[in-house]
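Dropping protein-v9.json in here (JSON, C-alpha atoms):
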```json
[["chain", "number", "residue", "atom", "x", "y", "z"],
["S", 97, "MET", "CA", 0.00, 0.00, 0.00],
["S", 98, "LEU", "CA", 1.25, 3.51, -0.82],
["S", 99, "THR", "CA", 1.26, 5.32, 2.52],
["S", 100, "ARG", "CA", 1.05, 9.07, 3.00],
["S", 101, "LYS", "CA", 4.54, 9.03, 4.52],
["S", 102, "THR", "CA", 6.00, 7.29, 1.46],
["S", 103, "PHE", "CA", 4.08, 9.59, -0.89],
["S", 104, "LEU", "CA", 5.35, 12.76, 0.79],
["S", 105, "LYS", "CA", 8.91, 11.48, 0.95],
["S", 106, "CYS", "CA", 8.98, 10.67, -2.75],
["S", 107, "ALA", "CA", 6.92, 13.63, -3.90],
["S", 108, "GLY", "CA", 9.35, 15.96, -2.20],
["S", 109, "SER", "CA", 12.04, 14.96, -4.67],
["S", 110, "ALA", "CA", 9.79, 15.26, -7.72],
["S", 111, "ALA", "CA", 11.08, 18.68, -8.76],
["S", 112, "ALA", "CA", 14.64, 17.43, -8.95],
["S", 113, "LEU", "CA", 13.59, 14.28, -10.74],
["S", 114, "ALA", "CA", 11.61, 16.23, -13.32],
["S", 115, "ILE", "CA", 14.77, 17.94, -14.59],
["S", 116, "ALA", "CA", 16.94, 14.84, -14.45],
["S", 117, "GLN", "CA", 18.23, 13.43, -17.70],
["S", 118, "PRO", "CA", 16.36, 10.34, -18.93],
["S", 119, "VAL", "CA", 17.94, 7.13, -17.67],
["S", 120, "LEU", "CA", 18.16, 4.25, -20.08],
["S", 121, "ALA", "CA", 18.48, 0.55, -19.27],
["S", 122, "GLN", "CA", 21.46, -0.21, -17.08],
["S", 123, "THR", "CA", 24.02, -2.80, -18.03],
["S", 124, "GLY", "CA", 24.33, -6.06, -16.16],
["S", 125, "GLY", "CA", 21.75, -7.96, -14.17],
["S", 126, "ARG", "CA", 18.40, -9.22, -15.36],
["S", 127, "ARG", "CA", 16.65, -6.81, -17.72],
["S", 128, "LEU", "CA", 12.92, -6.18, -17.30],
["S", 129, "ARG", "CA", 11.14, -4.50, -20.22],
["S", 130, "VAL", "CA", 8.40, -2.11, -19.12],
["S", 131, "ALA", "CA", 5.87, -1.56, -21.92],
["S", 132, "ASN", "CA", 3.20, 1.11, -22.24],
["S", 133, "PHE", "CA", 1.35, 3.15, -24.85],
["S", 134, "TYR", "CA", 2.00, 6.62, -23.40],
["S", 135, "ALA", "CA", 4.10, 9.25, -25.17],
["S", 136, "ALA", "CA", 7.70, 9.64, -24.03],
["S", 137, "ASP", "CA", 6.97, 13.00, -22.37],
["S", 138, "HIS", "CA", 3.91, 11.77, -20.46],
["S", 139, "ALA", "CA", 4.16, 11.74, -16.66],
["S", 140, "MET", "CA", 4.03, 7.94, -16.74],
["S", 141, "ASN", "CA", 7.25, 7.64, -18.71],
["S", 142, "ARG", "CA", 9.01, 10.54, -17.03],
["S", 143, "ALA", "CA", 8.47, 8.82, -13.68],
["S", 144, "LEU", "CA", 9.45, 5.40, -15.01],
["S", 145, "ARG", "CA", 12.67, 6.75, -16.52],
["S", 146, "ASP", "CA", 13.67, 9.09, -13.72],
["S", 147, "VAL", "CA", 12.62, 7.01, -10.73],
["S", 148, "PHE", "CA", 11.96, 3.38, -11.55],
["S", 149, "VAL", "CA", 15.00, 2.65, -13.72],
["S", 150, "PRO", "CA", 17.71, 4.00, -11.40],
["S", 151, "ARG", "CA", 16.10, 2.91, -8.14],
["S", 152, "LEU", "CA", 15.53, -0.65, -9.31],
["S", 153, "VAL", "CA", 19.25, -0.94, -10.04],
["S", 154, "GLU", "CA", 20.11, 0.69, -6.72],
["S", 155, "TYR", "CA", 17.76, -1.35, -4.55],
["S", 156, "SER", "CA", 18.56, -4.67, -6.25],
["S", 157, "LYS", "CA", 22.29, -3.92, -6.14],
["S", 158, "GLY", "CA", 22.47, -4.41, -9.90],
["S", 159, "ALA", "CA", 20.69, -7.75, -9.98],
["S", 160, "LEU", "CA", 17.74, -6.18, -11.85],
["S", 161, "ASN", "CA", 17.55, -3.40, -14.40],
["S", 162, "ALA", "CA", 14.77, -2.02, -16.58],
["S", 163, "SER", "CA", 14.25, -0.55, -20.02],
["S", 164, "ILE", "CA", 11.19, 1.58, -20.80],
["S", 165, "HIS", "CA", 9.31, 0.87, -24.05],
["S", 166, "ASP", "CA", 6.86, 3.72, -24.53],
["S", 167, "ASN", "CA", 4.51, 4.86, -27.30],
["S", 168, "SER", "CA", 3.22, 1.32, -28.10],
["S", 169, "SER", "CA", 6.67, 0.26, -29.29],
["S", 170, "LEU", "CA", 6.01, -3.29, -28.01],
["S", 171, "GLY", "CA", 2.41, -3.30, -29.23],
["S", 172, "SER", "CA", -0.98, -1.80, -28.50],
["S", 173, "GLU", "CA", -2.41, -1.63, -25.00],
["S", 174, "ARG", "CA", -4.24, -4.87, -25.64],
["S", 175, "ALA", "CA", -1.10, -6.57, -26.98],
["S", 176, "LEU", "CA", 1.15, -5.44, -24.15],
["S", 177, "THR", "CA", -1.45, -6.43, -21.54],
["S", 178, "GLU", "CA", -1.59, -9.89, -23.05],
["S", 179, "GLY", "CA", 2.19, -9.96, -23.20],
["S", 180, "VAL", "CA", 2.51, -9.25, -19.47],
["S", 181, "ARG", "CA", -0.18, -11.83, -18.74],
["S", 182, "LEU", "CA", 1.62, -14.51, -20.74],
["S", 183, "GLY", "CA", 5.12, -13.47, -19.68],
["S", 184, "THR", "CA", 6.36, -12.59, -23.17],
["S", 185, "ILE", "CA", 6.76, -9.04, -21.85],
["S", 186, "GLU", "CA", 8.10, -8.79, -18.33],
["S", 187, "MET", "CA", 6.36, -5.62, -17.15],
["S", 188, "GLY", "CA", 3.88, -3.01, -18.31],
["S", 189, "ILE", "CA", 1.23, -0.48, -17.32],
["S", 190, "THR", "CA", -1.97, -2.52, -17.28],
["S", 191, "GLY", "CA", -5.52, -1.56, -16.38],
["S", 192, "GLY", "CA", -9.06, -1.47, -17.66],
["S", 193, "LEU", "CA", -8.56, -3.74, -20.67],
["S", 194, "LEU", "CA", -8.51, -6.67, -18.25],
["S", 195, "ALA", "CA", -12.23, -6.01, -17.81],
["S", 196, "ALA", "CA", -12.98, -8.21, -20.83],
["S", 197, "SER", "CA", -12.25, -11.28, -18.69],
["S", 198, "LEU", "CA", -12.40, -9.70, -15.22],
["S", 199, "PRO", "CA", -15.50, -7.44, -15.19],
["S", 200, "LYS", "CA", -14.88, -6.04, -11.70],
["S", 201, "VAL", "CA", -11.68, -4.43, -12.98],
["S", 202, "GLY", "CA", -13.71, -2.27, -15.34],
["S", 203, "LEU", "CA", -16.09, -0.86, -12.76],
["S", 204, "LEU", "CA", -13.58, 1.75, -11.62],
["S", 205, "GLU", "CA", -13.69, 3.22, -15.12],
["S", 206, "LEU", "CA", -17.46, 3.68, -15.16],
["S", 207, "PRO", "CA", -18.44, 7.31, -15.78],
["S", 208, "PHE", "CA", -18.17, 9.76, -12.89],
["S", 209, "VAL", "CA", -17.08, 7.20, -10.28],
["S", 210, "PHE", "CA", -14.42, 9.51, -8.80],
["S", 211, "ARG", "CA", -14.86, 13.09, -7.59],
["S", 212, "ASP", "CA", -11.22, 14.14, -7.73],
["S", 213, "PHE", "CA", -7.66, 12.82, -7.54],
["S", 214, "ALA", "CA", -7.71, 12.52, -3.75],
["S", 215, "HIS", "CA", -10.83, 10.35, -3.91],
["S", 216, "ALA", "CA", -9.19, 8.13, -6.54],
["S", 217, "TRP", "CA", -5.97, 7.65, -4.59],
["S", 218, "ARG", "CA", -7.86, 6.84, -1.36],
["S", 219, "THR", "CA", -9.79, 4.19, -3.24],
["S", 220, "PHE", "CA", -6.79, 2.56, -4.86],
["S", 221, "ASP", "CA", -4.73, 2.63, -1.67],
["S", 222, "GLY", "CA", -7.53, 1.09, 0.40],
["S", 223, "PRO", "CA", -9.49, -2.17, 0.46],
["S", 224, "VAL", "CA", -10.92, -1.64, -3.03],
["S", 225, "GLY", "CA", -7.42, -1.39, -4.46],
["S", 226, "GLN", "CA", -6.44, -4.59, -2.66],
["S", 227, "GLU", "CA", -9.46, -6.38, -4.13],
["S", 228, "LEU", "CA", -8.57, -5.11, -7.58],
["S", 229, "ALA", "CA", -5.00, -6.35, -7.18],
["S", 230, "GLY", "CA", -6.45, -9.78, -6.45],
["S", 231, "GLU", "CA", -8.40, -9.60, -9.70],
["S", 232, "PHE", "CA", -5.19, -8.81, -11.58],
["S", 233, "GLU", "CA", -3.58, -11.92, -10.12],
["S", 234, "LYS", "CA", -6.36, -14.04, -11.63],
["S", 235, "ALA", "CA", -4.93, -12.91, -14.97],
["S", 236, "ARG", "CA", -1.40, -13.87, -13.84],
["S", 237, "ILE", "CA", -0.41, -10.22, -13.39],
["S", 238, "LYS", "CA", 1.15, -8.91, -10.20],
["S", 239, "LYS", "CA", 0.21, -5.29, -9.50],
["S", 240, "LEU", "CA", 3.09, -3.49, -7.82],
["S", 241, "ALA", "CA", 1.65, 0.04, -7.52],
["S", 242, "TRP", "CA", -1.34, 2.03, -8.73],
["S", 243, "VAL", "CA", -0.78, 4.99, -11.03],
["S", 244, "GLY", "CA", -3.10, 7.25, -13.00],
["S", 245, "ASN", "CA", -3.56, 8.76, -16.42],
["S", 246, "GLY", "CA", -6.07, 11.27, -15.05],
["S", 247, "PHE", "CA", -9.58, 12.47, -15.79],
["S", 248, "ARG", "CA", -10.61, 12.17, -19.41],
["S", 249, "ALA", "CA", -11.84, 14.97, -21.65],
["S", 250, "PHE", "CA", -13.24, 15.01, -25.17],
["S", 251, "THR", "CA", -11.48, 16.61, -28.13],
["S", 252, "ASN", "CA", -12.77, 16.92, -31.67],
["S", 253, "SER", "CA", -12.35, 18.81, -34.93],
["S", 254, "VAL", "CA", -16.06, 19.44, -35.65],
["S", 255, "ARG", "CA", -17.42, 21.89, -33.04],
["S", 256, "PRO", "CA", -17.12, 23.00, -29.42],
["S", 257, "ILE", "CA", -18.95, 20.76, -26.94],
["S", 258, "ASN", "CA", -21.04, 22.69, -24.44],
["S", 259, "SER", "CA", -23.82, 20.15, -23.90],
["S", 260, "VAL", "CA", -24.76, 16.55, -24.59],
["S", 261, "ALA", "CA", -26.61, 17.73, -27.69],
["S", 262, "ASP", "CA", -23.29, 18.89, -29.16],
["S", 263, "CYS", "CA", -21.95, 15.32, -29.01],
["S", 264, "ARG", "CA", -24.46, 13.91, -31.46],
["S", 265, "GLY", "CA", -23.05, 12.59, -34.71],
["S", 266, "ILE", "CA", -19.37, 13.21, -33.92],
["S", 267, "ARG", "CA", -17.25, 10.19, -34.83],
["S", 268, "MET", "CA", -15.46, 9.61, -31.55],
["S", 269, "ARG", "CA", -12.55, 7.20, -31.18],
["S", 270, "MET", "CA", -12.86, 5.26, -27.92],
["S", 271, "PRO", "CA", -10.65, 2.52, -26.44],
["S", 272, "GLU", "CA", -11.47, -1.13, -27.08],
["S", 273, "ASN", "CA", -13.40, -1.36, -23.83],
["S", 274, "ARG", "CA", -17.14, -1.87, -23.46],
["S", 275, "ILE", "CA", -17.51, 0.72, -20.71],
["S", 276, "TYR", "CA", -16.00, 3.43, -22.89],
["S", 277, "ILE", "CA", -18.04, 2.34, -25.89],
["S", 278, "GLU", "CA", -21.34, 2.40, -24.01],
["S", 279, "THR", "CA", -20.47, 5.73, -22.37],
["S", 280, "GLY", "CA", -19.75, 7.30, -25.74],
["S", 281, "ARG", "CA", -22.95, 5.96, -27.26],
["S", 282, "ALA", "CA", -25.03, 7.19, -24.32],
["S", 283, "LEU", "CA", -23.74, 10.70, -24.99],
["S", 284, "GLY", "CA", -24.69, 10.48, -28.66],
["S", 285, "PHE", "CA", -21.31, 9.98, -30.29],
["S", 286, "ASN", "CA", -20.79, 7.65, -33.23],
["S", 287, "VAL", "CA", -18.22, 5.47, -31.50],
["S", 288, "VAL", "CA", -15.26, 4.01, -33.40],
["S", 289, "THR", "CA", -12.79, 1.76, -31.54],
["S", 290, "MET", "CA", -9.11, 1.50, -32.37],
["S", 291, "PRO", "CA", -5.79, 1.14, -30.53],
["S", 292, "PHE", "CA", -4.20, 4.29, -29.16],
["S", 293, "GLY", "CA", -1.21, 3.95, -31.48],
["S", 294, "GLU", "CA", -3.43, 4.26, -34.57],
["S", 295, "MET", "CA", -5.38, 7.25, -33.32],
["S", 296, "PHE", "CA", -3.22, 10.20, -34.40],
["S", 297, "THR", "CA", -3.18, 9.09, -38.03],
["S", 298, "ALA", "CA", -6.94, 8.42, -37.97],
["S", 299, "LEU", "CA", -7.57, 11.91, -36.57],
["S", 300, "SER", "CA", -5.28, 13.59, -39.08],
["S", 301, "GLN", "CA", -6.97, 11.80, -41.98],
["S", 302, "ARG", "CA", -10.46, 12.50, -40.53],
["S", 303, "VAL", "CA", -11.28, 8.81, -40.31],
["S", 304, "VAL", "CA", -12.56, 9.87, -36.90],
["S", 305, "ASP", "CA", -13.45, 13.35, -35.65],
["S", 306, "GLY", "CA", -12.41, 13.14, -32.03],
["S", 307, "GLN", "CA", -11.07, 11.15, -29.10],
["S", 308, "ASP", "CA", -11.16, 11.12, -25.31],
["S", 309, "ASN", "CA", -8.09, 11.27, -23.09],
["S", 310, "PRO", "CA", -6.88, 13.35, -20.17],
["S", 311, "PRO", "CA", -5.48, 16.76, -21.22],
["S", 312, "PRO", "CA", -1.88, 15.78, -20.31],
["S", 313, "THR", "CA", -2.13, 13.01, -22.93],
["S", 314, "VAL", "CA", -3.51, 15.49, -25.47],
["S", 315, "LEU", "CA", -0.40, 17.61, -24.93],
["S", 316, "ALA", "CA", 2.19, 14.82, -24.67],
["S", 317, "SER", "CA", 0.88, 13.05, -27.79],
["S", 318, "LYS", "CA", 0.52, 16.36, -29.69],
["S", 319, "LEU", "CA", -3.14, 15.74, -30.43],
["S", 320, "TYR", "CA", -3.62, 19.52, -30.54],
["S", 321, "GLU", "CA", -2.03, 19.34, -34.00],
["S", 322, "VAL", "CA", -5.09, 17.48, -35.34],
["S", 323, "GLN", "CA", -7.84, 18.59, -32.91],
["S", 324, "GLU", "CA", -9.40, 22.03, -32.49],
["S", 325, "HIS", "CA", -11.80, 21.73, -29.55],
["S", 326, "LEU", "CA", -11.31, 20.48, -26.00],
["S", 327, "ALA", "CA", -14.23, 19.87, -23.60],
["S", 328, "ILE", "CA", -13.35, 19.39, -19.92],
["S", 329, "THR", "CA", -15.87, 16.70, -18.96],
["S", 330, "ASN", "CA", -13.86, 14.57, -16.48],
["S", 331, "HIS", "CA", -16.19, 11.72, -17.41],
["S", 332, "ILE", "CA", -13.87, 8.79, -16.65],
["S", 333, "PHE", "CA", -10.78, 8.42, -14.47],
["S", 334, "SER", "CA", -8.10, 6.36, -16.21],
["S", 335, "TYR", "CA", -6.00, 4.27, -13.87],
["S", 336, "GLY", "CA", -3.27, 1.71, -14.35],
["S", 337, "GLY", "CA", -0.98, -0.56, -12.44],
["S", 338, "ILE", "CA", 2.79, -0.83, -12.63],
["S", 339, "SER", "CA", 2.62, -4.55, -13.26],
["S", 340, "VAL", "CA", 4.85, -7.57, -13.69],
["S", 341, "ASN", "CA", 4.16, -11.08, -14.87],
["S", 342, "LYS", "CA", 3.21, -12.99, -11.71],
["S", 343, "ARG", "CA", 5.17, -16.13, -12.49],
["S", 344, "LEU", "CA", 8.29, -14.04, -13.02],
["S", 345, "PHE", "CA", 7.71, -12.13, -9.77],
["S", 346, "ASP", "CA", 7.16, -15.33, -7.81],
["S", 347, "SER", "CA", 10.41, -16.75, -9.18],
["S", 348, "LEU", "CA", 12.55, -13.89, -7.87],
["S", 349, "PRO", "CA", 14.53, -14.15, -4.62],
["S", 350, "ALA", "CA", 13.00, -12.29, -1.70],
["S", 351, "ASP", "CA", 15.48, -9.40, -1.84],
["S", 352, "GLN", "CA", 14.77, -8.81, -5.55],
["S", 353, "LYS", "CA", 11.02, -8.87, -4.96],
["S", 354, "GLN", "CA", 11.49, -6.27, -2.25],
["S", 355, "ALA", "CA", 13.65, -4.12, -4.52],
["S", 356, "LEU", "CA", 11.11, -4.31, -7.35],
["S", 357, "GLN", "CA", 8.21, -3.45, -5.04],
["S", 358, "ARG", "CA", 10.08, -0.55, -3.42],
["S", 359, "ALA", "CA", 11.09, 0.96, -6.77],
["S", 360, "ALA", "CA", 7.52, 0.69, -8.09],
["S", 361, "THR", "CA", 5.96, 2.21, -4.95],
["S", 362, "GLU", "CA", 8.28, 5.19, -5.06],
["S", 363, "THR", "CA", 7.71, 5.62, -8.79],
["S", 364, "ALA", "CA", 3.95, 5.70, -8.26],
["S", 365, "ALA", "CA", 4.27, 8.42, -5.62],
["S", 366, "VAL", "CA", 6.16, 10.66, -8.02],
["S", 367, "GLN", "CA", 3.98, 9.81, -11.02],
["S", 368, "ARG", "CA", 0.83, 10.73, -9.12],
["S", 369, "GLN", "CA", 2.21, 14.13, -8.21],
["S", 370, "MET", "CA", 3.35, 14.67, -11.79],
["S", 371, "ILE", "CA", -0.03, 13.83, -13.33],
["S", 372, "GLU", "CA", -1.89, 16.08, -10.87],
["S", 373, "LYS", "CA", 0.47, 18.96, -11.63],
["S", 374, "ASP", "CA", 0.23, 18.38, -15.38],
["S", 375, "SER", "CA", -3.56, 18.18, -15.22],
["S", 376, "ALA", "CA", -3.71, 21.58, -13.51],
["S", 377, "GLU", "CA", -1.36, 23.25, -15.97],
["S", 378, "VAL", "CA", -1.80, 21.80, -19.44],
["S", 379, "VAL", "CA", -5.24, 23.20, -20.30],
["S", 380, "GLY", "CA", -3.76, 26.68, -20.47],
["S", 381, "LYS", "CA", -0.91, 25.37, -22.60],
["S", 382, "LEU", "CA", -3.36, 23.73, -25.00],
["S", 383, "GLN", "CA", -5.25, 27.02, -25.30],
["S", 384, "GLY", "CA", -1.97, 28.71, -26.10],
["S", 385, "LEU", "CA", -1.43, 26.14, -28.84],
["S", 386, "GLY", "CA", -4.73, 27.11, -30.45],
["S", 387, "MET", "CA", -7.33, 24.78, -28.94],
["S", 388, "SER", "CA", -10.69, 26.19, -27.90],
["S", 389, "VAL", "CA", -11.69, 25.02, -24.41],
["S", 390, "THR", "CA", -15.21, 24.55, -23.06],
["S", 391, "ARG", "CA", -16.36, 23.47, -19.61],
["S", 392, "PRO", "CA", -19.83, 21.90, -19.97],
["S", 393, "LYS", "CA", -22.10, 21.47, -16.96],
["S", 394, "LEU", "CA", -21.27, 17.95, -15.83],
["S", 395, "GLU", "CA", -24.67, 17.21, -14.31],
["S", 396, "GLU", "CA", -26.14, 16.74, -17.78],
["S", 397, "PHE", "CA", -23.37, 14.34, -18.76],
["S", 398, "GLN", "CA", -23.82, 12.45, -15.50],
["S", 399, "ARG", "CA", -27.55, 12.02, -16.11],
["S", 400, "ALA", "CA", -26.94, 10.83, -19.67],
["S", 401, "THR", "CA", -24.59, 8.08, -18.50],
["S", 402, "GLU", "CA", -26.34, 6.91, -15.31],
["S", 403, "ALA", "CA", -27.99, 4.01, -17.13],
["S", 404, "VAL", "CA", -24.60, 2.80, -18.39],
["S", 405, "SER", "CA", -23.26, 2.56, -14.84],
["S", 406, "ALA", "CA", -26.40, 0.91, -13.50],
["S", 407, "GLU", "CA", -26.56, -1.68, -16.28],
["S", 408, "LEU", "CA", -22.89, -2.66, -16.36],
["S", 409, "ALA", "CA", -22.43, -2.67, -12.58],
["S", 410, "GLY", "CA", -25.58, -4.77, -12.25],
["S", 411, "LYS", "CA", -24.02, -7.49, -14.39],
["S", 412, "VAL", "CA", -21.02, -7.88, -12.07],
["S", 413, "ASP", "CA", -21.30, -9.87, -8.85],
["S", 414, "GLY", "CA", -21.10, -7.29, -6.07],
["S", 415, "GLY", "CA", -20.85, -4.46, -8.59],
["S", 416, "PRO", "CA", -23.49, -2.06, -7.17],
["S", 417, "GLU", "CA", -22.14, -2.55, -3.64],
["S", 418, "LEU", "CA", -18.59, -1.83, -4.86],
["S", 419, "LEU", "CA", -19.73, 1.45, -6.40],
["S", 420, "ARG", "CA", -21.49, 2.41, -3.15],
["S", 421, "ARG", "CA", -18.30, 1.75, -1.21],
["S", 422, "ILE", "CA", -16.28, 3.89, -3.59],
["S", 423, "ALA", "CA", -18.83, 6.72, -3.44],
["S", 424, "ALA", "CA", -18.67, 6.68, 0.36],
["S", 425, "GLY", "CA", -14.87, 6.88, 0.38]]
```
Write out the structure in this file as structure tokens.
Amino acid sequence: MLTRKTFLKCAGSAAALAIAQPVLAQTGGRRLRVANFYAADHAMNRALRDVFVPRLVEYSKGALNASIHDNSSLGSERALTEGVRLGTIEMGITGGLLAASLPKVGLLELPFVFRDFAHAWRTFDGPVGQELAGEFEKARIKKLAWVGNGFRAFTNSVRPINSVADCRGIRMRMPENRIYIETGRALGFNVVTMPFGEMFTALSQRVVDGQDNPPPTVLASKLYEVQEHLAITNHIFSYGGISVNKRLFDSLPADQKQALQRAATETAAVQRQMIEKDSAEVVGKLQGLGMSVTRPKLEEFQRATEAVSAELAGKVDGGPELLRRIAAG
């Protein structure tokens, strides 16, 4: 569990880490590839490079080292998740795509589950996060620490979004995840699914009109180059786990397990601070880069998606009760 003491200790060094030079895979020891689909400048990869890579070497005394494979270089989110599950990729950032076989995993990405970052972190660091980690292990994935991509917003190249009515007819790229698909449809979008790595080209060629991701991803992946309008809807909180293949983890000596866990926990503390800071700052930067920004009244979006949450949670054993526990947190 990521304690407040650990968070504050690690977060205090975030400013220095943010200006550190990227650290590549170290030589010697056992190399662990860490795969993800985020851009190189995203908070996820800055934290992995600046914290996880050097501290894993330090804490394992050189027995373990890591290389970071960002921007879908080892495959789409679906492919890398399957790779970590099967052990063909040692580590990765895994999350909601496990919902296809583990429905409870997806419930935390239902619309408007979390009020703010603090609510999300309390949930993941408490009993719900422990339950979710157990679900990951059913897929042969060991969750080391919870991290976040942030609250999602809609961008598009058709028109500003000020209300649910403005969503109708826009061809919106959504992840290959039923919760996202049903959420988009409930808002009136024409939903098109595709991997993240194919999205920029599809947007530039107008195969799709828009996409949904947290504003820091819009900036890091330069989506402002092919999107004109940004609507701050905060409709879904995207989470992930710094994860390792469970069989591999179980095979490590106790001291290497401890080193891996410690490096991941400290990385998560810094990554969380980074993504909160980025989320507060990047909207202004995106406006400066030419994007128009709207802030629709969220109550209307919440009402439009209530049936999605009720239906999908109702199909999961204990789903409604889990949502009530999260809401009370």
Identify the residues around (-10.6, -5.0, -19.2) within a radius of 10 Å, measuring from only C-alpha atoms in the coordinates stated by the file, and give them as a ChimeraX atom specification.
/S:174,177,190-203,205,272-275
Atoms kept (C-alpha atoms) for selection, written as a short mmCIF file (atom, residue, chain, number, x, y, z; two decimals), in the coordinates of the input:
```cif
data_model
loop_
_atom_site.label_atom_id
_atom_site.label_comp_id
_atom_site.auth_asym_id
_atom_site.auth_seq_id
_atom_site.Cartn_x
_atom_site.Cartn_y
_atom_site.Cartn_z
CA ARG S 174 -4.24 -4.87 -25.64
CA THR S 177 -1.45 -6.43 -21.54
CA THR S 190 -1.97 -2.52 -17.28
CA GLY S 191 -5.52 -1.56 -16.38
CA GLY S 192 -9.06 -1.47 -17.66
CA LEU S 193 -8.56 -3.74 -20.67
CA LEU S 194 -8.51 -6.67 -18.25
CA ALA S 195 -12.23 -6.01 -17.81
CA ALA S 196 -12.98 -8.21 -20.83
CA SER S 197 -12.25 -11.28 -18.69
CA LEU S 198 -12.40 -9.70 -15.22
CA PRO S 199 -15.50 -7.44 -15.19
CA LYS S 200 -14.88 -6.04 -11.70
CA VAL S 201 -11.68 -4.43 -12.98
CA GLY S 202 -13.71 -2.27 -15.34
CA LEU S 203 -16.09 -0.86 -12.76
CA GLU S 205 -13.69 3.22 -15.12
CA GLU S 272 -11.47 -1.13 -27.08
CA ASN S 273 -13.40 -1.36 -23.83
CA ARG S 274 -17.14 -1.87 -23.46
CA ILE S 275 -17.51 0.72 -20.71
#
```
Between S:Ala423, S:Val314, S:Gly246, S:Ser259, which has the minimum distance to Arg211 in chain S (counting all atoms listed in the file)?
S:Ala423
Please indicate the distance in Å from CA of Glu321 in chain S to CA of Met295 in chain S, rounded to one decimal place.
12.6 Å
In Å, with one decimal, what is the gap from CA of Val304 in chain S to CA of Asn252 in chain S?
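According to the coordinates, CA of Val304 in chain S and CA of Asn252 in chain S are separated by 8.8 Å.
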Got a sec: who's within 10 Å of Phe285 in chain S, counting all atoms listed in the file, leaving out chain neighbours fewer than 3 positions off, as a compact mmCIF listing (two decimals) with C-alpha atoms, in the frame of the given file?
```txt
# COMPACT_ATOMS: atom_id res chain seq x y z
CA VAL S 260 -24.76 16.55 -24.59
CA ALA S 261 -26.61 17.73 -27.69
CA ASP S 262 -23.29 18.89 -29.16
CA CYS S 263 -21.95 15.32 -29.01
CA ARG S 264 -24.46 13.91 -31.46
CA GLY S 265 -23.05 12.59 -34.71
CA ILE S 266 -19.37 13.21 -33.92
CA ARG S 267 -17.25 10.19 -34.83
CA MET S 268 -15.46 9.61 -31.55
CA ARG S 269 -12.55 7.20 -31.18
CA MET S 270 -12.86 5.26 -27.92
CA ILE S 277 -18.04 2.34 -25.89
CA GLU S 278 -21.34 2.40 -24.01
CA THR S 279 -20.47 5.73 -22.37
CA GLY S 280 -19.75 7.30 -25.74
CA ARG S 281 -22.95 5.96 -27.26
CA ALA S 282 -25.03 7.19 -24.32
CA VAL S 288 -15.26 4.01 -33.40
CA GLY S 306 -12.41 13.14 -32.03
```
